[in-house]
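Beneath this line is the structure, given in C-alpha cells, with notes to follow.
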Amino acid sequence: MKPNLRQAWENQVLVGDGAMGTYLYQKGFPVGISYEELNLTSPEVIGNVHRQYVEAGAQVIETNTFSANYDKLSKYGLEARVGEINRAGVRIAREAAGDQGYVVGAVGSIRAGKRSNISTSELKRYFEEQLSVLISEGVDGILLETFYDVDEMQLALAQARMLSDLPVICQFAVEDIARTLDGFTMPDAYRILSHEGADVIGFNCRTGPNGIMRALETLNGIMNLPASVYPNAGIADYVDGEYRYGASPEYFGKTALEFADRGARIIGGCCGTTPEHIAEISSALSGYVPSPLPAVEEAEINRIVIHETAQEQFYERSGEPTIVDIVKERHTVIVELDPPRDLDITKFMKGAEALKKAGADALTLADNSLAVTRMSNMALGHLVQARTGLRPLIHIACRDRNLIGTQSHMMGFDALGIDHVLAVTGDPARFGDLPDSSSVYDMTSFEIIRMIKQLNDGIAFSGKPLKQKAKFVVGAAFNPNVRHLDKAVARLEKKIASGADYVMTQPVYDPELMVRLREATAHLDIPIFIGIMPLASGRNAEYLHNEVPGIQLSDEVRSRMAGLEGEAGRAMGVKIGKELLDVATEHFNGIYLMTPFMFYEMSVQLMEYVWEKSGRRLTPLFHQ
C-alpha cells in the first residue's frame, strides 16, 4: 500500500508532471479554446498527455482543471459545467496515474494578478465550488498554483481548509525579486501561509529555473515546510508563428538536483516543459535521498510581518520631521485647498500663502475630487513647496491611472521631493464633469498603499529592483459616517496592515461620533486626523448632506445653517466648526480642515482657534 502524500514527501523528492496547456498547443490545439473542456470532449487526448508524463517518471499528476472555475469557464459559456469538467479531470488523471501515482487537484488563480471587479464573496464561492468537486472525487491533495498575490492565496487556502484536511500545496508566480504583486516579500508570504495551514509552499510559472532558484533562496533560514518548484522552460520566443521555449531537458535535470538540495520535495515543470523534461528530472533524482528540513524556531515562523507601522518607519528628507512625527508631539493641522478648475492659480497661491502664515503643518491637495477635472495636484504641490515652503500632501486616486501611470506619477513625486501622499479610491468618472471618460481602478485603495510602500523598499510595481528607495509617508482615507462603525474600523485595520502611516477622515459634524470614533480606534497605533469642513451656507449644507457620498450632517447642524447665505452663512459655519474643534482637539492631536469654495479665510480662523486652545504660537514650527 502506498504512503499518503504527506508521508511520501517526507522520505523522498517526488517528481511532478509538466505543462498541459503549452504541450497541447504544441500538439496543434489552438490558443483561445478552453483546454479544460477537453476533459469532456476529448478525454483520450488529456489522458494521453497524463500517461506520457507518468511514463517519463512523474509521480504527482495534476488534474487538467487549472481554469475550471465558474469565472474562467463563463468566458466560453461553460459556467454551468464546472462540476462535470472537474469530475472528469480527476477521473482521467486517476486512471493515468495508476495505483502508485498521486493525483492533485489543480486550482489556478482567478484574478491572475489583475485588478478585476470580482468581489471577495464571489471568489470564495468560485473556489469553494471547484474545490468541493475535486475533493469529493478523491484527489490526494490540492495544488493552488500560479497565484500572484497573498490575499487571493489566503482566501483559496482558507476555502480548502474549510472543506478538507487534505494536503494543500501553495505556489506563487514571481519574478527574480521574489515579491508578490501585492507587495509581500516571500519570507513574509511564507510565514503567513505556514501559519494558516499550507503543507507545501513553492513557485511555478513566470520564470525559468534560475528565477525560481533565486526566489527559493529568499526563504533560507525560515523553511520548515517542504517546497515545490515547477519552472517554465525558460522564456518563450515567438519564431515562425509559434511560441518556443529554450531551456533544454538536460538543463532541467541538472537544476532538479540543486532544487532538491535546497529543500524542494516536489519538482516538475510548467509552461514549455514536455515529457522529455520530466524524464530528465526523474533520472537526475533517481536514488536521491533528501536531507531532513532544518529545524526552525517556532517564533520565527509565527512572526508574520506584513508591513512596518508608522511608529517603526519614519522617513526624513533634509532632516525634517514627518507629519507622523509632529502629530505625536502636539496638535497638528493639515488644511485642504482644492486645485482650481481653470488655468488661473492666483487665488489658490494667495490662499496657500495665508495658510502657511497662519501655521498650517501641511497643505493637502485632492486628486480631481468628485471626479471633477482640476489642475494637476502634482504641479500645484511643487509650486506650493517652492514658493511658500509649506509641505504639500498630495492625494493619489486609483480612478485615473493604470499601474504604469501610477508608478510613473509616484516616481515624479519622489523626484520633486514630495513625500507625503494620501491614497484614495476616487469617485467614479461617470459622476463627474466628463461622464464618458473611463475609470481605471487597476488597484484598490489597499493595493495602492502596499505598492507605494513597496517603492520605499526600492522595488518597482513590477517587482524589479530600483536603484534607490523612495521615502513616502502614506495616508489612508476613512469615512466614519456609517451605520456600522465597527465594520468601518475593521476595513481601516486592513489599510493599516497594508502599510498606511496615518489616517485622514471624511468631515464629521457630530461631536458624539467623534467620541465614539476615538473609542473605536484607541487600539490603533497610527495617528488619525479628524476631518472638519466648515459649512459655507444653508444650500452648501443641504448639498453635502444629500448629494455627496460619505458626508452626513446632523439635523441640528442643518437647522442652524438653514437659510443662511454669504457672510452670515460663513460666520455660522466657522462658529459650528469651532464647536466641533472643542471636541476634536480633546480627543485627537490630528486636525484635517477642508476649505470650502476657496474660502481659505475660514480655514485660517479655525486654525488660529486650534493654536489658541493649544497655546501654540501662530508662526509654524517647521518649514521656516
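As shown in the C-alpha cells, the chain order sets the letters A, B, ...; within each chain, residues go from 1, and ligands are also counted from 1 in the order they appear.
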Test item, strand (DSSP E or B) assignment across stretch 275-461 of chain A, answer as a ChimeraX atom specification
/A:317,320,332-336,362-365,392-397,420-424,459
Could you list, as a list in words, every residue within 8 Å of A:Val372, counting only C-alpha atoms and ignoring same-chain residues fewer than 5 positions away?
Gly432, Asp433 and Leu434 of chain A
Generate the output file for the selected residues, all heavy atoms, as a PDB file, in the first residue's frame.
```
ATOM      1  N   GLY A 432     -18.782  62.661 -12.636  1.00  0.00           N
ATOM      2  CA  GLY A 432     -18.094  63.942 -12.712  1.00  0.00           C
ATOM      3  C   GLY A 432     -18.470  64.763 -13.910  1.00  0.00           C
ATOM      4  O   GLY A 432     -19.546  64.584 -14.517  1.00  0.00           O
ATOM      5  N   ASP A 433     -17.556  65.659 -14.312  1.00  0.00           N
ATOM      6  CA  ASP A 433     -17.868  66.585 -15.402  1.00  0.00           C
ATOM      7  C   ASP A 433     -17.549  65.998 -16.772  1.00  0.00           C
ATOM      8  O   ASP A 433     -17.882  66.590 -17.800  1.00  0.00           O
ATOM      9  CB  ASP A 433     -17.113  67.904 -15.202  1.00  0.00           C
ATOM     10  CG  ASP A 433     -15.597  67.745 -15.200  1.00  0.00           C
ATOM     11  OD1 ASP A 433     -15.133  66.607 -14.973  1.00  0.00           O
ATOM     12  OD2 ASP A 433     -14.890  68.743 -15.410  1.00  0.00           O
ATOM     13  N   LEU A 434     -16.891  64.834 -16.802  1.00  0.00           N
ATOM     14  CA  LEU A 434     -16.633  64.139 -18.067  1.00  0.00           C
ATOM     15  C   LEU A 434     -17.142  62.699 -17.930  1.00  0.00           C
ATOM     16  O   LEU A 434     -16.350  61.747 -17.825  1.00  0.00           O
ATOM     17  CB  LEU A 434     -15.136  64.157 -18.399  1.00  0.00           C
ATOM     18  CG  LEU A 434     -14.519  65.534 -18.689  1.00  0.00           C
ATOM     19  CD1 LEU A 434     -13.006  65.429 -18.793  1.00  0.00           C
ATOM     20  CD2 LEU A 434     -15.105  66.117 -19.963  1.00  0.00           C
TER      21      LEU A 434
END
```
Name the residues in contact with A:Ala423 at a cut-off of 6 Å, using only C-alpha atoms, excluding same-chain residues fewer than 4 positions from it; report them as a ChimeraX atom specification.
/A:395-396,476
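In this model, the gap between atom CA of A:Ser109 and atom CA of A:Phe147 comes to 5.1 Å.
Nearest to A:Arg330 of all the residues A:Pro527, A:Pro392, A:Gly566, A:Gly47 is A:Pro527, based on only C-alpha atoms.
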Using only C-alpha atoms, find the one residue out of A:Ala156, A:Ile267, A:Ala362, A:Ala460 that sits nearest to A:Thr388.
A:Ala362
Surrounding residues of A:Leu370 excluding itself and chain neighbours under 2 positions, 8 Å, only C-alpha atoms, as a PDB file with C-alpha atoms, in the first residue's frame:
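Produced file part21.pdb, reproduced below:
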```
ATOM      1  CA  ASN A 368      -9.857  65.561  -9.093  1.00  0.00           C
ATOM      2  CA  VAL A 372     -14.367  66.834 -11.472  1.00  0.00           C
ATOM      3  CA  GLY A 426     -11.590  58.110  -6.207  1.00  0.00           C
ATOM      4  CA  ASP A 427     -15.199  58.779  -7.172  1.00  0.00           C
ATOM      5  CA  PRO A 428     -16.335  57.052 -10.406  1.00  0.00           C
ATOM      6  CA  PHE A 431     -20.435  61.100 -11.717  1.00  0.00           C
ATOM      7  CA  GLY A 432     -18.094  63.942 -12.712  1.00  0.00           C
TER       8      GLY A 432
END
```
Excluding stretch 210-212 of chain A and any residue of its chain fewer than 4 positions from it, enumerate the residues within 12 Å of it, using only C-alpha atoms, and give them as a PyMOL selection string.
chain A and resi 171-179+186+202-206+216-219+227-235+247+251-252+254-256+258-259+262+264+267+269-270
Give me the residues near stretch 130-134 of chain A as a count of residues only, where near means some atom within 9 Å (using only C-alpha atoms) and where sequence neighbours in that chain fewer than 5 positions away do not count.
22
With only C-alpha atoms as the counted atoms, please give the residues lying no more than 9 Å from A:Val103, apart from itself and same-chain residues fewer than 4 positions off, as a ChimeraX atom specification.
/A:59-63,90,93-94,97,138-142
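The interatomic distance for the pair atom CA of A:Ile85 and atom CA of A:Val200 works out to 25.9 Å.
Taking only C-alpha atoms into account, A:Thr444 lies nearest to A:Asp182 out of the set A:Asp261, A:Asp182, A:Glu519, A:Asp510.
Nearest residue to A:Leu403 among A:Leu581, A:Met451, A:Leu355, A:Ala497 is A:Met451, counting only C-alpha atoms.
Closest approach to A:Val440 among A:Val508, A:Ala397, A:Ile528, A:Ala415: A:Ala397, based on only C-alpha atoms.
For the set A:Leu524, A:Phe461, A:Val515, A:Thr273, the residue with the smallest atom-to-atom gap to A:Leu580 is A:Val515, counting only C-alpha atoms.
Atom CA of A:Met443 lies 27.5 Å from atom CA of A:Leu517.
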